[in-house]
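Okay, coords12.tsv is below, TSV, C-alpha atoms:
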chain	number	residue	atom	x	y	z
A	35	MET	CA	1.05	11.44	-14.67
A	36	GLN	CA	0.40	15.14	-14.29
A	37	GLU	CA	-1.96	15.05	-11.30
A	38	ARG	CA	-3.39	12.49	-8.88
A	39	THR	CA	-6.00	13.24	-6.21
A	40	LEU	CA	-7.23	10.68	-3.66
A	41	ILE	CA	-9.99	11.38	-1.14
A	42	GLY	CA	-11.59	8.70	0.99
A	43	GLY	CA	-12.26	7.16	4.35
A	44	GLY	CA	-12.77	3.83	5.97
A	45	VAL	CA	-12.84	1.61	9.01
A	46	ARG	CA	-10.01	-0.42	10.50
A	47	LYS	CA	-10.35	-3.20	13.06
A	48	ARG	CA	-7.48	-4.71	15.03
A	49	VAL	CA	-8.36	-8.40	15.36
A	50	LEU	CA	-5.18	-9.52	17.13
A	51	ASP	CA	-3.01	-7.47	19.47
A	52	GLY	CA	-0.31	-8.77	21.73
A	53	GLU	CA	3.31	-8.64	22.73
A	54	GLY	CA	4.25	-10.60	19.60
A	55	GLY	CA	2.56	-8.17	17.22
A	56	TRP	CA	-0.80	-7.21	15.75
A	57	PHE	CA	-3.14	-8.03	12.83
A	58	ASP	CA	-5.70	-5.59	11.27
A	59	PHE	CA	-8.47	-5.69	8.65
A	60	ALA	CA	-9.71	-2.51	6.96
A	61	TRP	CA	-12.18	-1.40	4.29
A	62	GLY	CA	-13.05	1.93	2.75
A	63	PRO	CA	-14.12	3.66	-0.44
A	64	PHE	CA	-12.10	6.45	-2.05
A	65	SER	CA	-12.27	8.79	-5.01
A	66	GLU	CA	-9.36	8.57	-7.42
A	67	LYS	CA	-8.81	11.27	-10.04
A	68	GLU	CA	-5.83	10.99	-12.38
A	69	VAL	CA	-4.81	13.46	-15.08
A	70	TYR	CA	-2.12	12.25	-17.48
A	71	ASP	CA	0.51	14.10	-19.50
A	72	ALA	CA	-0.61	14.97	-23.04
A	73	GLU	CA	2.03	12.64	-24.55
A	74	THR	CA	0.34	9.53	-23.12
A	75	LEU	CA	-2.95	10.18	-24.96
A	76	GLU	CA	-4.75	8.66	-21.96
A	77	PRO	CA	-8.15	10.08	-20.98
A	78	GLN	CA	-8.57	11.44	-17.47
A	79	GLN	CA	-9.61	8.78	-14.93
A	80	ASP	CA	-12.22	9.66	-12.31
A	81	LEU	CA	-13.22	6.56	-10.29
A	82	ILE	CA	-14.66	5.45	-6.99
A	83	ARG	CA	-12.63	2.51	-5.68
A	84	SER	CA	-13.16	0.05	-2.87
A	85	SER	CA	-10.09	-0.80	-0.81
A	86	TRP	CA	-9.68	-3.92	1.34
A	87	THR	CA	-6.55	-4.04	3.50
A	88	ILE	CA	-4.86	-6.63	5.69
A	89	ALA	CA	-1.94	-5.34	7.75
A	90	SER	CA	0.24	-7.00	10.36
A	91	GLU	CA	3.42	-6.60	12.33
A	92	TRP	CA	5.35	-9.38	14.02
A	93	HIS	CA	7.99	-8.64	16.65
A	94	VAL	CA	10.50	-11.31	15.61
A	95	SER	CA	12.98	-10.30	18.31
A	96	GLU	CA	13.74	-7.33	20.53
A	97	LYS	CA	15.45	-5.54	17.62
A	98	LEU	CA	13.65	-6.99	14.56
A	99	ASP	CA	10.08	-6.26	13.40
A	100	TRP	CA	8.44	-7.64	10.25
A	101	ARG	CA	5.48	-5.75	8.70
A	102	ASN	CA	3.17	-6.97	5.94
A	103	THR	CA	0.48	-5.04	4.11
A	104	ILE	CA	-1.90	-6.32	1.42
A	105	TYR	CA	-4.30	-4.05	-0.47
A	106	LEU	CA	-7.00	-5.14	-2.91
A	107	GLN	CA	-8.54	-2.16	-4.69
A	108	SER	CA	-11.31	-2.33	-7.30
A	109	ASP	CA	-13.24	0.19	-9.36
A	110	MET	CA	-16.74	-0.01	-7.86
A	111	ALA	CA	-18.31	0.48	-11.32
A	112	SER	CA	-16.12	-2.17	-12.99
A	113	TRP	CA	-14.82	-4.89	-10.66
A	114	GLN	CA	-12.53	-6.20	-13.43
A	115	ASP	CA	-10.40	-3.04	-12.94
A	116	SER	CA	-8.56	-4.10	-9.81
A	117	ARG	CA	-5.18	-3.72	-8.16
A	118	PHE	CA	-3.30	-6.01	-5.82
A	119	TYR	CA	-0.47	-4.62	-3.71
A	120	TYR	CA	1.82	-6.43	-1.28
A	121	GLU	CA	4.54	-4.84	0.82
A	122	SER	CA	6.78	-6.67	3.25
A	123	ALA	CA	9.33	-4.79	5.34
A	124	ALA	CA	11.85	-5.84	7.96
A	125	ASN	CA	13.09	-3.22	10.44
A	126	MET	CA	16.26	-3.75	12.47
A	127	ALA	CA	16.39	-1.29	15.39
A	128	ILE	CA	19.51	0.83	15.74
A	129	SER	CA	18.03	2.98	18.52
A	130	GLU	CA	14.55	3.68	19.90
A	131	GLN	CA	13.68	5.98	16.98
A	132	LEU	CA	16.05	4.87	14.22
A	133	SER	CA	16.06	1.58	12.33
A	134	PHE	CA	17.49	0.03	9.18
A	135	GLU	CA	14.70	-1.06	6.82
A	136	PHE	CA	14.55	-3.46	3.89
A	137	SER	CA	11.29	-3.64	1.96
A	138	LEU	CA	9.91	-5.66	-0.93
A	139	VAL	CA	6.91	-4.45	-2.94
A	140	CYS	CA	4.80	-6.26	-5.53
A	141	ARG	CA	1.98	-4.48	-7.37
A	142	ARG	CA	-0.38	-5.92	-9.99
A	143	ASP	CA	-2.85	-3.77	-11.92
A	144	SER	CA	-5.42	-5.42	-14.19
A	145	ASP	CA	-5.94	-2.16	-16.13
A	146	PRO	CA	-2.72	-0.11	-16.01
A	147	HIS	CA	-2.84	3.46	-17.33
A	148	ALA	CA	-0.35	5.85	-18.91
A	149	GLY	CA	2.22	3.27	-19.96
A	150	LEU	CA	2.52	1.55	-16.59
A	151	LYS	CA	3.19	-2.17	-16.66
A	152	PRO	CA	0.68	-4.67	-15.23
A	153	VAL	CA	3.22	-5.97	-12.70
A	154	ASP	CA	5.71	-3.87	-10.77
A	155	LEU	CA	8.33	-5.25	-8.36
A	156	GLY	CA	10.58	-3.17	-6.18
A	157	THR	CA	12.95	-3.24	-3.24
A	158	ALA	CA	14.28	-0.51	-0.98
A	159	PHE	CA	16.98	-0.25	1.64
A	160	GLY	CA	17.17	2.69	3.98
A	161	LEU	CA	16.94	4.27	7.37
A	162	ARG	CA	13.59	4.78	9.09
A	163	TRP	CA	13.12	7.50	11.68
A	164	GLU	CA	9.98	7.37	13.83
A	165	VAL	CA	8.66	10.26	15.88
A	166	ASN	CA	6.62	9.07	18.85
Re-express the file's structure as structure tokens.
Amino acid sequence: MQERTLIGGGVRKRVLDGEGGWFDFAWGPFSEKEVYDAETLEPQQDLIRSSWTIASEWHVSEKLDWRNTIYLQSDMASWQDSRFYYESAANMAISEQLSFEFSLVCRRDSDPHAGLKPVDLGTAFGLRWEVN
């Protein structure tokens, strides 16, 4: 992909909030413009997508947090063109601002472009630094 531009907005509502964690729902439209490298022979994509999101964080223990995020995104002109994305991450606190993170990502695209596969799985290990 040579260029990707996303512009959008939305609303987010926290439906649960407590010492044990939180749970949010969100929705918003966004413009997605993608320009591909000439070798892919893919036409430029210029879409308006709808994005539904569910996000949560559970404080498993004093040093361990577990976050989950689910996105469902569809082309508003063609609902068959949709994407499902799930990310789960566990953070083990090392200090107040630094933590060790393990994440698992699953992405499914009903209409992948530019040689992407319909299903993509990934994992990551790393350090996470948060600025408060």
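When the distance limit is 7 Å and only C-alpha atoms are what count, the residues near range 87-101 of chain A, minus those fewer than 2 positions from it on the same chain, are Gly54, Gly55, Trp56, Phe57, Asp58, Phe59, Ala60, Trp61, Ser85, Thr103, Ile104, Tyr105, Leu106, Ser122, Ala123, Ala124, Asn125, Met126 and Ala127 of chain A.
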Would you write out those residues with C-alpha atoms, as an mmCIF file, in the frame of the given file?
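Output file out23.cif follows:
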data_model
loop_
_atom_site.group_PDB
_atom_site.id
_atom_site.type_symbol
_atom_site.label_atom_id
_atom_site.label_comp_id
_atom_site.auth_asym_id
_atom_site.auth_seq_id
_atom_site.Cartn_x
_atom_site.Cartn_y
_atom_site.Cartn_z
ATOM 1 C CA GLY A 54 4.250 -10.600 19.600
ATOM 2 C CA GLY A 55 2.560 -8.170 17.220
ATOM 3 C CA TRP A 56 -0.800 -7.210 15.750
ATOM 4 C CA PHE A 57 -3.140 -8.030 12.830
ATOM 5 C CA ASP A 58 -5.700 -5.590 11.270
ATOM 6 C CA PHE A 59 -8.470 -5.690 8.650
ATOM 7 C CA ALA A 60 -9.710 -2.510 6.960
ATOM 8 C CA TRP A 61 -12.180 -1.400 4.290
ATOM 9 C CA SER A 85 -10.090 -0.800 -0.810
ATOM 10 C CA THR A 103 0.480 -5.040 4.110
ATOM 11 C CA ILE A 104 -1.900 -6.320 1.420
ATOM 12 C CA TYR A 105 -4.300 -4.050 -0.470
ATOM 13 C CA LEU A 106 -7.000 -5.140 -2.910
ATOM 14 C CA SER A 122 6.780 -6.670 3.250
ATOM 15 C CA ALA A 123 9.330 -4.790 5.340
ATOM 16 C CA ALA A 124 11.850 -5.840 7.960
ATOM 17 C CA ASN A 125 13.090 -3.220 10.440
ATOM 18 C CA MET A 126 16.260 -3.750 12.470
ATOM 19 C CA ALA A 127 16.390 -1.290 15.390
#
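Taking CA of Arg142 in chain A and CA of Asp80 in chain A as the two end points, the separation is 19.7 Å.
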> Counting all atoms listed in the file, which of A:Thr39, A:Asn166, A:Ser84, A:Ser144 gets nearest to Ser116 in chain A?
Replying inline: A:Ser144
>> Could you check the closest approach to Glu130 in chain A for each of A:Asp154, A:Asp115, A:Glu164, A:Asp109 and tell me which residue wins, using only C-alpha atoms?
In response: A:Glu164
> Which residue out of A:Val49, A:Leu155, A:Ala72, A:Leu150 has the minimum interatomic distance to Tyr120 in chain A when all atoms listed in the file are used?
Replying inline: A:Leu155
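For the pair CA of Ile128 in chain A and CA of Gly156 in chain A, the interatomic distance is 24.0 Å.
Among the candidate residues A:Gln78, A:Asp143, A:Gly62, A:Gly149, the one lying nearest to Arg46 in chain A is A:Gly62, with distances computed using only C-alpha atoms.
In terms of minimum interatomic distance to Glu68 in chain A, A:His147 ranks closest within A:His147, A:Glu53, A:Arg141, A:Trp113, counting all atoms listed in the file.
When CA of Gln131 in chain A is paired with CA of Leu161 in chain A, their separation reads 10.3 Å.
Comparing A:Gly43, A:Pro146, A:Gly52, A:Gly160 by their smallest distance to Ser65 in chain A, the closest is A:Gly43 (using all atoms listed in the file).
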Could you write out as JSON the box around range 85-104 of chain A (axis-aligned, all atoms listed in the file, 5 Å on each side), with centre and edge lengths in Å to one decimal?
{"center_x": 2.7, "center_y": -6.1, "center_z": 9.9, "size_x": 35.5, "size_y": 20.5, "size_z": 31.3}
> Neighbours of Arg38 in chain A within 10 Å (only C-alpha atoms; same-chain residues fewer than 3 positions away dropped), as a ChimeraX atom specification?
Replying inline: /A:35,66-70,79-80
File dump, residues just selected, C-alpha atoms, as an mmCIF file, keeping the file's coordinate frame:
data_model
loop_
_atom_site.group_PDB
_atom_site.id
_atom_site.type_symbol
_atom_site.label_atom_id
_atom_site.label_comp_id
_atom_site.auth_asym_id
_atom_site.auth_seq_id
_atom_site.Cartn_x
_atom_site.Cartn_y
_atom_site.Cartn_z
ATOM 1 C CA MET A 35 1.050 11.440 -14.670
ATOM 2 C CA GLU A 66 -9.360 8.570 -7.420
ATOM 3 C CA LYS A 67 -8.810 11.270 -10.040
ATOM 4 C CA GLU A 68 -5.830 10.990 -12.380
ATOM 5 C CA VAL A 69 -4.810 13.460 -15.080
ATOM 6 C CA TYR A 70 -2.120 12.250 -17.480
ATOM 7 C CA GLN A 79 -9.610 8.780 -14.930
ATOM 8 C CA ASP A 80 -12.220 9.660 -12.310
#
